[in-house]
$ cat data.csv   # CSV, C-alpha atoms
chain,number,residue,atom,x,y,z
A,902,MET,CA,69.0,27.9,33.4
A,903,LYS,CA,72.4,28.0,31.7
A,904,ILE,CA,73.7,24.6,30.8
A,905,GLY,CA,77.4,24.0,30.0
A,906,ILE,CA,78.2,21.0,27.7
A,907,ASP,CA,81.7,19.5,27.7
A,908,THR,CA,83.1,18.6,24.2
A,909,PHE,CA,86.4,17.2,25.4
A,910,GLY,CA,86.7,13.5,24.6
A,911,CYS,CA,84.3,13.7,21.7
A,912,ASP,CA,87.0,13.4,19.1
A,913,HIS,CA,85.8,16.4,17.2
A,914,GLY,CA,82.7,14.5,16.0
A,915,LYS,CA,84.6,11.5,14.4
A,916,SER,CA,83.9,8.8,17.0
A,917,GLY,CA,80.7,7.3,18.3
A,918,ILE,CA,80.5,9.7,21.2
A,919,GLY,CA,81.3,12.5,18.8
A,920,SER,CA,78.4,11.5,16.7
A,921,TYR,CA,76.3,11.4,19.8
A,922,LEU,CA,77.1,15.0,20.7
A,923,THR,CA,76.7,16.1,17.1
A,924,SER,CA,73.2,14.7,17.0
A,925,LEU,CA,72.3,15.8,20.5
A,926,SER,CA,73.5,19.4,20.0
A,927,GLN,CA,71.5,19.7,16.7
A,928,ASN,CA,68.3,19.1,18.7
A,929,LEU,CA,69.0,21.5,21.6
A,930,LYS,CA,67.4,24.9,21.2
A,931,ASN,CA,68.0,28.0,23.3
A,932,THR,CA,64.9,29.3,24.9
A,933,GLU,CA,64.0,31.9,27.6
A,934,GLU,CA,64.1,29.0,30.1
A,935,ASN,CA,67.2,27.1,28.8
A,936,GLN,CA,70.5,28.5,27.4
A,937,PHE,CA,73.1,26.0,26.2
A,938,GLU,CA,76.8,26.7,25.9
A,939,LEU,CA,79.4,24.2,24.7
A,940,PHE,CA,83.0,24.4,25.9
A,941,GLY,CA,86.2,22.7,24.8
A,942,ALA,CA,88.9,22.9,22.1
A,943,GLU,CA,88.5,25.8,19.7
A,944,ILE,CA,88.1,23.4,16.7
A,945,ASP,CA,84.9,22.1,18.3
A,946,ARG,CA,83.3,25.5,17.9
A,947,TYR,CA,82.9,24.5,14.2
A,948,THR,CA,81.9,20.9,15.0
A,949,PHE,CA,79.1,21.0,17.5
A,950,GLY,CA,76.0,23.3,17.9
A,951,GLN,CA,76.5,25.6,14.9
A,952,GLU,CA,73.2,24.7,13.3
A,953,ASN,CA,71.3,25.9,16.4
A,954,ASN,CA,73.6,28.9,17.2
A,955,LEU,CA,74.5,27.4,20.5
A,956,GLY,CA,77.1,29.3,22.5
A,957,PHE,CA,80.7,28.1,22.6
A,958,GLU,CA,83.5,29.0,25.0
A,959,SER,CA,87.1,28.0,24.1
A,960,VAL,CA,89.4,26.3,26.6
A,961,ILE,CA,93.0,26.9,25.5
A,962,LEU,CA,95.0,23.7,26.3
A,963,PRO,CA,97.7,21.6,24.7
A,964,ASP,CA,95.9,19.0,22.5
A,965,THR,CA,96.8,16.0,24.6
A,966,GLU,CA,94.8,13.6,26.7
A,967,ARG,CA,97.0,14.3,29.7
A,968,ALA,CA,96.4,18.0,29.6
A,969,GLU,CA,92.6,17.7,29.2
A,970,LYS,CA,92.3,15.3,32.0
A,971,ALA,CA,94.4,17.5,34.3
A,972,TRP,CA,92.1,20.5,33.4
A,973,HIS,CA,89.0,18.5,34.4
A,974,PHE,CA,90.7,17.5,37.6
A,975,PHE,CA,92.0,20.9,38.7
A,976,LEU,CA,90.3,23.7,36.7
A,977,CYS,CA,86.9,22.6,35.4
A,978,ASN,CA,85.0,23.6,38.6
A,979,SER,CA,86.4,27.2,38.7
A,980,PHE,CA,85.8,27.6,35.0
A,981,SER,CA,82.2,26.5,35.4
A,982,LYS,CA,81.6,29.0,38.2
A,983,ARG,CA,83.1,31.8,36.1
A,984,GLN,CA,80.8,30.9,33.2
A,985,LYS,CA,77.9,30.9,35.7
A,986,TYR,CA,76.6,27.5,34.7
A,987,ASP,CA,73.6,26.2,36.5
A,988,ALA,CA,74.2,22.6,35.4
A,989,LEU,CA,76.8,20.7,33.4
A,990,LEU,CA,76.6,17.8,30.9
A,991,PHE,CA,79.6,15.6,30.4
A,992,PRO,CA,78.9,13.4,27.2
A,993,ALA,CA,82.3,11.7,27.3
A,994,SER,CA,82.3,10.8,31.0
A,995,SER,CA,84.5,7.8,30.6
A,996,TYR,CA,87.2,10.1,29.1
A,997,ALA,CA,87.3,12.8,31.7
A,998,LEU,CA,85.3,14.1,34.7
A,999,PRO,CA,86.2,16.4,37.6
A,1000,PHE,CA,87.1,14.6,40.8
A,1001,HIS,CA,84.4,16.5,42.6
A,1002,PHE,CA,81.6,18.8,41.4
A,1003,SER,CA,80.9,22.3,42.6
A,1004,VAL,CA,78.3,22.8,39.9
A,1005,SER,CA,75.4,20.3,39.6
A,1006,SER,CA,76.4,17.8,36.9
A,1007,VAL,CA,75.1,15.0,34.7
A,1008,ALA,CA,77.4,12.4,33.2
A,1009,VAL,CA,76.5,10.5,30.1
A,1010,VAL,CA,77.8,6.9,30.1
A,1011,ASN,CA,77.7,5.4,26.6
A,1012,ASP,CA,80.3,2.7,27.3
A,1013,ILE,CA,80.1,-0.6,29.1
A,1014,VAL,CA,82.4,0.6,31.8
A,1015,SER,CA,83.3,-2.9,33.1
A,1016,GLU,CA,84.7,-3.7,29.7
A,1017,LEU,CA,86.4,-0.4,29.4
A,1018,PHE,CA,88.2,-1.1,32.7
A,1019,ALA,CA,90.0,-4.1,31.2
A,1020,THR,CA,92.3,-1.6,29.4
A,1021,LYS,CA,92.6,0.9,32.3
A,1022,SER,CA,95.2,1.2,35.1
A,1023,PHE,CA,94.1,0.9,38.7
A,1024,ALA,CA,94.4,4.6,39.2
A,1025,GLU,CA,92.3,5.4,36.1
A,1026,LYS,CA,89.6,2.9,37.2
A,1027,SER,CA,89.5,4.4,40.6
A,1028,ARG,CA,89.2,7.9,39.2
A,1029,ILE,CA,86.3,7.0,36.9
A,1030,LYS,CA,84.5,5.1,39.6
A,1031,HIS,CA,85.0,7.9,42.2
A,1032,SER,CA,83.7,10.6,39.8
A,1033,LEU,CA,80.6,8.5,38.7
A,1034,LYS,CA,79.8,8.0,42.4
A,1035,LYS,CA,80.1,11.8,43.1
A,1036,VAL,CA,78.2,13.1,40.0
A,1037,ASN,CA,74.6,14.2,40.7
A,1038,LYS,CA,72.9,12.1,37.9
A,1039,ILE,CA,74.0,9.6,35.2
A,1040,ILE,CA,72.3,9.1,31.8
A,1041,ALA,CA,72.7,5.6,30.4
A,1042,PRO,CA,71.7,4.7,26.8
A,1043,SER,CA,70.3,1.3,27.7
A,1044,ASN,CA,69.2,-0.8,30.7
A,1045,PHE,CA,72.2,-3.0,30.0
A,1046,VAL,CA,74.6,-0.1,30.8
A,1047,LYS,CA,72.5,0.7,33.8
A,1048,LYS,CA,72.9,-2.8,35.1
A,1049,ASP,CA,76.6,-2.7,34.4
A,1050,LEU,CA,77.0,0.4,36.5
A,1051,LYS,CA,75.1,-1.3,39.3
A,1052,ARG,CA,77.7,-4.0,39.3
A,1053,LEU,CA,80.4,-1.4,39.8
A,1054,GLY,CA,78.6,-0.1,42.9
A,1055,ILE,CA,76.9,3.0,41.3
A,1056,ASN,CA,73.6,4.0,43.0
A,1057,GLN,CA,70.8,3.0,40.7
A,1058,GLU,CA,68.5,5.7,41.8
A,1059,LYS,CA,70.6,8.4,40.2
A,1060,ILE,CA,70.8,6.6,36.8
A,1061,THR,CA,68.2,7.4,34.1
A,1062,VAL,CA,67.9,5.5,30.9
A,1063,VAL,CA,67.7,7.8,27.9
A,1064,HIS,CA,67.9,5.9,24.6
A,1065,ASN,CA,70.0,7.5,21.8
A,1066,GLY,CA,68.1,8.6,18.8
A,1067,ILE,CA,68.7,8.1,15.1
A,1068,ASN,CA,68.5,10.8,12.4
A,1069,HIS,CA,65.5,9.8,10.3
A,1070,SER,CA,66.2,12.5,7.8
A,1071,LEU,CA,69.3,10.5,6.8
A,1072,PHE,CA,68.3,6.9,7.6
A,1073,TYR,CA,65.1,5.9,5.9
A,1074,PRO,CA,64.0,3.2,3.3
A,1075,ARG,CA,65.4,4.0,-0.1
A,1076,GLU,CA,64.7,2.8,-3.6
A,1077,ILE,CA,66.2,-0.6,-4.2
A,1078,ILE,CA,69.5,-0.2,-6.1
A,1079,THR,CA,69.9,-2.5,-9.1
A,1080,SER,CA,73.4,-1.4,-10.4
A,1081,GLU,CA,76.2,-3.8,-9.7
A,1082,THR,CA,78.5,-1.1,-8.3
A,1083,GLU,CA,77.4,1.3,-5.6
A,1084,MET,CA,79.3,4.6,-5.8
A,1085,ILE,CA,79.7,6.0,-2.3
A,1086,LYS,CA,82.3,8.7,-2.0
A,1087,PRO,CA,85.2,8.1,-1.8
A,1088,PHE,CA,84.5,4.4,-2.7
A,1089,ALA,CA,83.1,2.3,-5.4
A,1090,ILE,CA,81.7,-0.8,-3.7
A,1091,ARG,CA,80.6,-3.8,-5.8
A,1092,ARG,CA,77.3,-5.4,-4.8
A,1093,PRO,CA,75.9,-7.6,-3.4
A,1094,TYR,CA,77.6,-7.1,0.0
A,1095,PHE,CA,77.1,-7.4,3.8
A,1096,LEU,CA,78.1,-4.5,6.0
A,1097,TYR,CA,79.8,-4.3,9.4
A,1098,ALA,CA,80.3,-0.7,10.6
A,1099,SER,CA,82.5,-0.5,13.7
A,1100,THR,CA,86.0,0.6,14.7
A,1101,MET,CA,88.7,-2.0,14.8
A,1102,SER,CA,89.4,-1.2,18.4
A,1103,SER,CA,88.9,-4.5,20.4
A,1104,PRO,CA,89.0,-8.2,19.8
A,1105,PHE,CA,85.5,-8.2,21.4
A,1106,LYS,CA,84.3,-6.4,18.3
A,1107,ARG,CA,84.6,-9.8,16.7
A,1108,HIS,CA,85.9,-8.8,13.3
A,1109,VAL,CA,88.0,-11.9,13.0
A,1110,GLU,CA,85.2,-14.2,13.9
A,1111,LEU,CA,83.0,-12.5,11.3
A,1112,ILE,CA,85.6,-12.9,8.6
A,1113,LYS,CA,85.9,-16.7,9.4
A,1114,ALA,CA,82.1,-17.0,9.4
A,1115,PHE,CA,81.9,-15.2,6.1
A,1116,GLU,CA,84.4,-17.8,4.7
A,1117,ILE,CA,82.0,-20.7,5.9
A,1118,PHE,CA,79.1,-18.9,4.3
A,1119,LYS,CA,80.9,-18.5,1.0
A,1120,LYS,CA,82.1,-22.1,0.9
A,1121,LYS,CA,78.7,-23.4,1.6
A,1122,THR,CA,76.6,-21.2,-0.7
A,1123,ASN,CA,79.0,-20.2,-3.4
A,1124,LEU,CA,77.1,-16.9,-3.6
A,1125,PRO,CA,78.8,-13.8,-5.0
A,1126,HIS,CA,78.4,-11.6,-1.8
A,1127,ARG,CA,81.2,-9.5,-0.4
A,1128,LEU,CA,81.9,-8.4,3.1
A,1129,VAL,CA,82.5,-4.7,3.8
A,1130,LEU,CA,84.2,-3.7,7.1
A,1131,ALA,CA,83.7,0.1,7.6
A,1132,GLY,CA,85.2,1.8,10.6
A,1133,GLY,CA,88.2,3.6,11.9
A,1134,GLU,CA,91.6,2.1,12.7
A,1135,GLY,CA,92.2,0.8,16.2
A,1136,ALA,CA,94.3,-1.5,18.3
A,1137,CYS,CA,93.2,-4.6,16.4
A,1138,SER,CA,93.5,-3.2,12.9
A,1139,GLU,CA,96.7,-5.1,12.0
A,1140,ASN,CA,95.3,-8.5,13.1
A,1141,ILE,CA,92.0,-7.9,11.3
A,1142,LYS,CA,93.7,-6.9,8.0
A,1143,LYS,CA,96.1,-9.9,8.3
A,1144,THR,CA,93.1,-12.3,8.8
A,1145,ALA,CA,91.3,-10.7,5.8
A,1146,MET,CA,94.4,-11.0,3.5
A,1147,ASN,CA,95.0,-14.6,4.5
A,1148,SER,CA,91.4,-15.6,3.8
A,1149,ALA,CA,90.6,-17.8,0.9
A,1150,PHE,CA,88.0,-15.1,0.0
A,1151,ALA,CA,90.3,-12.1,0.5
A,1152,SER,CA,89.2,-10.6,-2.8
A,1153,ASP,CA,85.6,-10.4,-1.5
A,1154,ILE,CA,86.6,-8.6,1.8
A,1155,PHE,CA,86.7,-4.8,1.6
A,1156,ILE,CA,88.1,-2.7,4.5
A,1157,THR,CA,87.3,1.0,4.1
A,1158,GLY,CA,88.9,2.5,7.2
A,1159,TYR,CA,87.2,5.6,8.6
A,1160,PHE,CA,83.9,6.1,6.8
A,1161,PRO,CA,82.1,9.5,6.9
A,1162,HIS,CA,78.9,9.2,8.9
A,1163,GLU,CA,76.9,11.2,6.4
A,1164,SER,CA,77.7,8.5,3.7
A,1165,PHE,CA,76.5,5.6,5.8
A,1166,PRO,CA,72.8,5.8,4.6
A,1167,ALA,CA,73.9,5.0,1.1
A,1168,LEU,CA,76.2,2.3,2.3
A,1169,TYR,CA,73.4,0.7,4.3
A,1170,ALA,CA,70.9,1.0,1.5
A,1171,GLY,CA,73.1,-0.8,-1.0
A,1172,SER,CA,73.8,-3.7,1.3
A,1173,GLU,CA,72.1,-7.1,1.6
A,1174,GLY,CA,72.2,-6.8,5.4
A,1175,CYS,CA,73.9,-5.4,8.5
A,1176,LEU,CA,76.1,-7.8,10.4
A,1177,PHE,CA,77.1,-6.7,13.9
A,1178,PRO,CA,79.0,-9.3,16.0
A,1179,SER,CA,80.4,-6.9,18.6
A,1180,GLU,CA,79.9,-8.1,22.2
A,1181,ILE,CA,80.7,-4.8,23.9
A,1182,GLU,CA,78.0,-2.4,22.7
A,1183,GLY,CA,76.2,-0.3,25.3
A,1184,VAL,CA,74.3,1.7,22.6
A,1185,GLY,CA,74.1,-0.2,19.3
A,1186,LEU,CA,73.1,2.7,17.0
A,1187,PRO,CA,74.3,1.1,13.8
A,1188,ILE,CA,71.7,-1.7,14.0
A,1189,LEU,CA,68.9,0.9,14.4
A,1190,GLU,CA,70.3,3.0,11.5
A,1191,ALA,CA,70.3,-0.2,9.4
A,1192,MET,CA,66.8,-1.1,10.3
A,1193,ALA,CA,65.6,2.4,9.6
A,1194,THR,CA,67.2,2.2,6.2
A,1195,GLY,CA,65.2,-1.0,5.4
A,1196,ILE,CA,67.8,-3.7,5.6
A,1197,PRO,CA,67.8,-6.8,7.8
A,1198,VAL,CA,70.1,-7.1,10.8
A,1199,ALA,CA,72.0,-10.1,12.3
A,1200,CYS,CA,73.8,-9.2,15.5
A,1201,SER,CA,75.3,-10.5,18.7
A,1202,LYS,CA,73.0,-11.3,21.6
A,1203,ALA,CA,75.6,-9.9,24.0
A,1204,GLY,CA,75.8,-6.4,25.4
A,1205,ALA,CA,72.8,-4.1,24.8
A,1206,LEU,CA,72.1,-5.3,21.2
A,1207,GLN,CA,69.3,-7.7,22.1
A,1208,GLU,CA,67.6,-4.9,24.0
A,1209,ILE,CA,68.2,-2.2,21.4
A,1210,SER,CA,67.2,-4.5,18.5
A,1211,GLY,CA,63.9,-5.3,20.1
A,1212,GLU,CA,64.6,-8.8,18.9
A,1213,LYS,CA,63.7,-7.7,15.4
A,1214,ALA,CA,67.2,-9.0,14.3
A,1215,ILE,CA,68.6,-12.5,14.0
A,1216,LEU,CA,70.6,-13.0,17.2
A,1217,PHE,CA,73.7,-15.1,17.4
A,1218,ASP,CA,76.5,-16.1,19.8
A,1219,SER,CA,79.5,-14.2,18.5
A,1220,THR,CA,82.0,-16.8,19.8
A,1221,HIS,CA,80.3,-19.5,17.6
A,1222,ILE,CA,81.5,-19.0,14.0
A,1223,GLU,CA,79.1,-21.5,12.5
A,1224,GLU,CA,76.2,-19.7,14.2
A,1225,ILE,CA,77.2,-16.4,12.6
A,1226,ALA,CA,77.5,-18.1,9.2
A,1227,ASP,CA,74.0,-19.6,9.5
A,1228,SER,CA,72.7,-16.2,10.4
A,1229,ILE,CA,74.3,-14.7,7.3
A,1230,GLU,CA,72.8,-17.4,5.1
A,1231,LYS,CA,69.3,-16.9,6.5
A,1232,ILE,CA,69.4,-13.2,5.6
A,1233,VAL,CA,70.0,-14.2,2.0
A,1234,THR,CA,68.0,-17.4,1.5
A,1235,ASP,CA,64.9,-17.1,3.7
A,1236,ILE,CA,62.9,-14.6,1.7
A,1237,HIS,CA,59.8,-14.7,3.9
A,1238,LEU,CA,62.0,-14.0,7.0
A,1239,ARG,CA,63.9,-11.3,5.2
A,1240,LYS,CA,60.7,-9.4,4.3
A,1241,LYS,CA,59.4,-9.7,7.8
A,1242,MET,CA,62.6,-8.5,9.3
A,1243,ILE,CA,62.7,-5.4,7.0
A,1244,LYS,CA,59.1,-4.5,7.9
A,1245,ASP,CA,59.5,-5.0,11.6
A,1246,GLY,CA,62.9,-3.3,11.7
A,1247,ILE,CA,61.5,-0.1,10.0
A,1248,ASN,CA,58.6,0.1,12.5
A,1249,TRP,CA,60.9,-0.6,15.5
A,1250,ALA,CA,63.4,2.1,14.5
A,1251,LYS,CA,60.7,4.7,14.4
A,1252,LYS,CA,60.7,4.6,18.2
A,1253,PHE,CA,64.1,6.2,18.4
A,1254,ASP,CA,64.7,9.9,17.5
A,1255,TRP,CA,67.1,12.6,18.6
A,1256,GLU,CA,64.4,15.2,19.4
A,1257,THR,CA,63.0,12.9,22.1
A,1258,THR,CA,66.6,12.1,23.3
A,1259,ALA,CA,67.3,15.8,23.6
A,1260,GLN,CA,64.1,16.5,25.5
A,1261,GLU,CA,64.6,13.7,28.0
A,1262,THR,CA,68.2,14.8,28.5
A,1263,VAL,CA,67.1,18.3,29.4
A,1264,GLU,CA,64.5,16.9,31.8
A,1265,VAL,CA,67.3,15.0,33.6
A,1266,LEU,CA,69.4,18.3,33.8
A,1267,LYS,CA,66.5,20.1,35.3
A,1268,THR,CA,66.4,17.6,38.2
A,1269,VAL,CA,69.9,18.5,39.4
A,1270,ILE,CA,69.5,22.3,39.6
A,1271,LYS,CA,69.9,23.4,43.2
$ encode --input "data.csv" --output "structure tokens"
Amino acid sequence: MKIGIDTFGCDHGKSGIGSYLTSLSQNLKNTEENQFELFGAEIDRYTFGQENNLGFESVILPDTERAEKAWHFFLCNSFSKRQKYDALLFPASSYALPFHFSVSSVAVVNDIVSELFATKSFAEKSRIKHSLKKVNKIIAPSNFVKKDLKRLGINQEKITVVHNGINHSLFYPREIITSETEMIKPFAIRRPYFLYASTMSSPFKRHVELIKAFEIFKKKTNLPHRLVLAGGEGACSENIKKTAMNSAFASDIFITGYFPHESFPALYAGSEGCLFPSEIEGVGLPILEAMATGIPVACSKAGALQEISGEKAILFDSTHIEEIADSIEKIVTDIHLRKKMIKDGINWAKKFDWETTAQETVEVLKTVIK
């Protein structure tokens, strides 16, 4: 069968969904049975699928969200028929989907759609919901996302949970670093530090609460630890930076902005722990990457994080600043707990790999072929 894979909405590999498609495409292989072809903006030819020599078909459009959504609405079906696709995969289904499907299709929903709707117009919410109801199958990265889709009225029988993988060739336990300063291009980050890797896109990412909890931790323990916030700019960037600058411990808070994904293993390995207070995660890959690297994790009990962490992390209520602060302190001071978390986390993370994710995704695609 010939499978078309949509690259629109994947931010040329620079966002979470872009990282998803990068990793997925690296684990898809053309065979006599299955042929894969990606399609989208010409720049994506050099972003996705090159390692495996997957095909690519350029779609010439203005580089605007409006143009890309209009193309999906009016032209995607005719394009797919011309390319003779037997099935289509839409990794960024919350960004753009056709209004109806003339080729059997699978939508990947990595977002908590009910949270996403908070920022969408009525027309946009109606479009997304309509398309998700019409698509043949849906892949969700967690049972939490599957339940969220159920609340929106999506038929549960067409939803399959396929957990995202992690790249174990990048994320693995490394030798303990003893130098005071960790050199990670293009940064020099002074140790010891805690890490929160997430875009500054929503107040429910809870960057502000984490900064305030870090202040409590510092005042109580007087320890030399720093807080590193690594992630791209977003709607909340200004408020987060202002909170950090006004903190009594501003000199111990380091905001990196966009951080290259390939540099994250070293960033994790040099840290004392991964802190992840976000309440709106449907996937939660950073906590698995941290566990695989051999560092303890403290994260929100909201969203999919409790499910994805396998309860191998310290779980907290992200709206309770003191509870976050206590969790940070435990990571540092409870040596027995720390060792157990590291061991359990490494073993748990082994359950997630991209080869399995790719295989299970192909199996879902096979079920929609007419």
$ residues_around --input "data.csv" --residues "A:Glu1256" --least-positions-apart "6" --cutoff "10 Å" --atoms "only C-alpha atoms" --output "PDB file with C-alpha atoms, in the coordinates of the input"
ATOM      1  CA  SER A 924      73.200  14.700  17.000  1.00  0.00           C
ATOM      2  CA  LEU A 925      72.300  15.800  20.500  1.00  0.00           C
ATOM      3  CA  GLN A 927      71.500  19.700  16.700  1.00  0.00           C
ATOM      4  CA  ASN A 928      68.300  19.100  18.700  1.00  0.00           C
ATOM      5  CA  LEU A 929      69.000  21.500  21.600  1.00  0.00           C
ATOM      6  CA  ASN A1065      70.000   7.500  21.800  1.00  0.00           C
ATOM      7  CA  GLY A1066      68.100   8.600  18.800  1.00  0.00           C
ATOM      8  CA  ILE A1067      68.700   8.100  15.100  1.00  0.00           C
ATOM      9  CA  ASN A1068      68.500  10.800  12.400  1.00  0.00           C
ATOM     10  CA  THR A1262      68.200  14.800  28.500  1.00  0.00           C
TER      11      THR A1262
END
$ closest_atom_pairs --input "data.csv" --of "stretch 983-1068 of chain A" --to "stretch 958-967 of chain A" --cutoff "10 Å" --atoms "all atoms listed in the file" --output "tab-separated table"
residue	atom	partner	partner_atom	distance
A:Gln984	CA	A:Glu958	CA	8.8
A:Tyr996	CA	A:Glu966	CA	8.7
A:Ala997	CA	A:Glu966	CA	9.0
$ atom_distance --input "data.csv" --atom1 "atom CA of A:Phe1018" --atom2 "atom CA of A:Lys1113"
28.1 Å
$ closest_residue --input "data.csv" --among "A:Gly914, A:Gly1054, A:Gly1158, A:Pro999" --to "A:Ala1098" --atoms "all atoms listed in the file"
A:Gly1158
$ atom_distance --input "data.csv" --atom1 "atom CA of A:Arg1092" --atom2 "atom CA of A:Phe1150"
15.2 Å
$ closest_residue --input "data.csv" --among "A:Cys911, A:Met1242, A:Ile1040, A:Ile1222" --to "A:Glu1116" --atoms "only C-alpha atoms"
A:Ile1222
$ atom_distance --input "data.csv" --atom1 "atom CA of A:Phe937" --atom2 "atom CA of A:Ile904"
4.8 Å
$ closest_atom_pairs --input "data.csv" --of "stretch 1200-1249 of chain A" --to "stretch 1162-1182 of chain A" --cutoff "10 Å" --atoms "only C-alpha atoms" --output "Markdown table"
| residue | atom | partner | partner_atom | distance |
| --- | --- | --- | --- | --- |
| A:Cys1200 | CA | A:Phe1177 | CA | 4.4 |
| A:Ser1201 | CA | A:Pro1178 | CA | 4.7 |
| A:Lys1202 | CA | A:Glu1180 | CA | 7.6 |
| A:Ala1203 | CA | A:Glu1180 | CA | 5.0 |
| A:Gly1204 | CA | A:Glu1182 | CA | 5.3 |
| A:Ala1205 | CA | A:Glu1182 | CA | 5.9 |
| A:Leu1206 | CA | A:Glu1182 | CA | 6.7 |
| A:Ile1209 | CA | A:Glu1182 | CA | 9.9 |
| A:Ala1214 | CA | A:Cys1175 | CA | 9.6 |
| A:Ile1215 | CA | A:Leu1176 | CA | 9.6 |
| A:Leu1216 | CA | A:Pro1178 | CA | 9.3 |
| A:Phe1217 | CA | A:Pro1178 | CA | 8.0 |
| A:Asp1218 | CA | A:Pro1178 | CA | 8.2 |
| A:Ser1219 | CA | A:Pro1178 | CA | 5.5 |
| A:Thr1220 | CA | A:Pro1178 | CA | 8.9 |
| A:Ile1225 | CA | A:Pro1178 | CA | 8.1 |
| A:Ser1228 | CA | A:Leu1176 | CA | 9.1 |
| A:Ile1229 | CA | A:Leu1176 | CA | 7.8 |
| A:Ile1232 | CA | A:Gly1174 | CA | 7.0 |
| A:Val1233 | CA | A:Glu1173 | CA | 7.4 |
| A:Arg1239 | CA | A:Gly1174 | CA | 9.4 |
| A:Ile1243 | CA | A:Gly1174 | CA | 9.7 |
$ closest_residue --input "data.csv" --among "A:Tyr986, A:Tyr1073, A:Phe1002, A:Phe1023" --to "A:Ala1250" --atoms "all atoms listed in the file"
A:Tyr1073
$ closest_residue --input "data.csv" --among "A:Asp907, A:Asp1235, A:Glu1016, A:Glu933" --to "A:Cys977" --atoms "only C-alpha atoms"
A:Asp907
$ residues_near_point --input "data.csv" --point "(76.6, 13.0, 42.6)" --cutoff "10 Å" --atoms "only C-alpha atoms" --output "list in words"
His1001, Phe1002, Ser1005, Ser1006, Val1007, Ala1008, His1031, Ser1032, Leu1033, Lys1034, Lys1035, Val1036, Asn1037, Lys1038, Ile1039, Asn1056, Lys1059 and Val1269 of chain A
$ closest_residue --input "data.csv" --among "A:Leu1186, A:Lys1051, A:Asp1254, A:Val1109" --to "A:Met1146" --atoms "all atoms listed in the file"
A:Val1109
$ closest_residue --input "data.csv" --among "A:Phe1115, A:Tyr921, A:Phe980, A:Phe909" --to "A:Ala1145" --atoms "only C-alpha atoms"
A:Phe1115
$ build_atoms --input "data.csv" --residues "stretch 1247-1257 of chain A" --atoms "N, CA, C and O atoms" --output "CSV table (one decimal), in the coordinates of the input"
chain,number,residue,atom,x,y,z
A,1247,ILE,N,61.9,-1.5,10.3
A,1247,ILE,CA,61.5,-0.1,10.0
A,1247,ILE,C,60.6,0.4,11.1
A,1247,ILE,O,60.8,1.6,11.6
A,1248,ASN,N,59.6,-0.4,11.5
A,1248,ASN,CA,58.6,0.1,12.5
A,1248,ASN,C,59.3,0.3,13.8
A,1248,ASN,O,59.0,1.2,14.6
A,1249,TRP,N,60.2,-0.6,14.2
A,1249,TRP,CA,60.9,-0.6,15.5
A,1249,TRP,C,61.8,0.7,15.6
A,1249,TRP,O,61.8,1.4,16.6
A,1250,ALA,N,62.5,1.0,14.5
A,1250,ALA,CA,63.4,2.1,14.5
A,1250,ALA,C,62.7,3.4,14.6
A,1250,ALA,O,63.3,4.4,15.1
A,1251,LYS,N,61.5,3.5,14.3
A,1251,LYS,CA,60.7,4.7,14.4
A,1251,LYS,C,60.6,5.2,15.8
A,1251,LYS,O,60.3,6.4,16.1
A,1252,LYS,N,60.8,4.3,16.8
A,1252,LYS,CA,60.7,4.6,18.2
A,1252,LYS,C,61.8,5.5,18.7
A,1252,LYS,O,61.8,6.0,19.8
A,1253,PHE,N,62.9,5.6,17.9
A,1253,PHE,CA,64.1,6.2,18.4
A,1253,PHE,C,64.4,7.5,17.5
A,1253,PHE,O,64.6,7.4,16.3
A,1254,ASP,N,64.4,8.7,18.2
A,1254,ASP,CA,64.7,9.9,17.5
A,1254,ASP,C,65.4,10.9,18.4
A,1254,ASP,O,65.2,10.8,19.6
A,1255,TRP,N,66.2,11.7,17.8
A,1255,TRP,CA,67.1,12.6,18.6
A,1255,TRP,C,66.3,13.7,19.3
A,1255,TRP,O,66.8,14.2,20.3
A,1256,GLU,N,65.2,14.1,18.7
A,1256,GLU,CA,64.4,15.2,19.4
A,1256,GLU,C,63.9,14.7,20.8
A,1256,GLU,O,64.0,15.4,21.8
A,1257,THR,N,63.5,13.4,20.8
A,1257,THR,CA,63.0,12.9,22.1
A,1257,THR,C,64.2,12.7,23.0
A,1257,THR,O,64.1,13.0,24.2
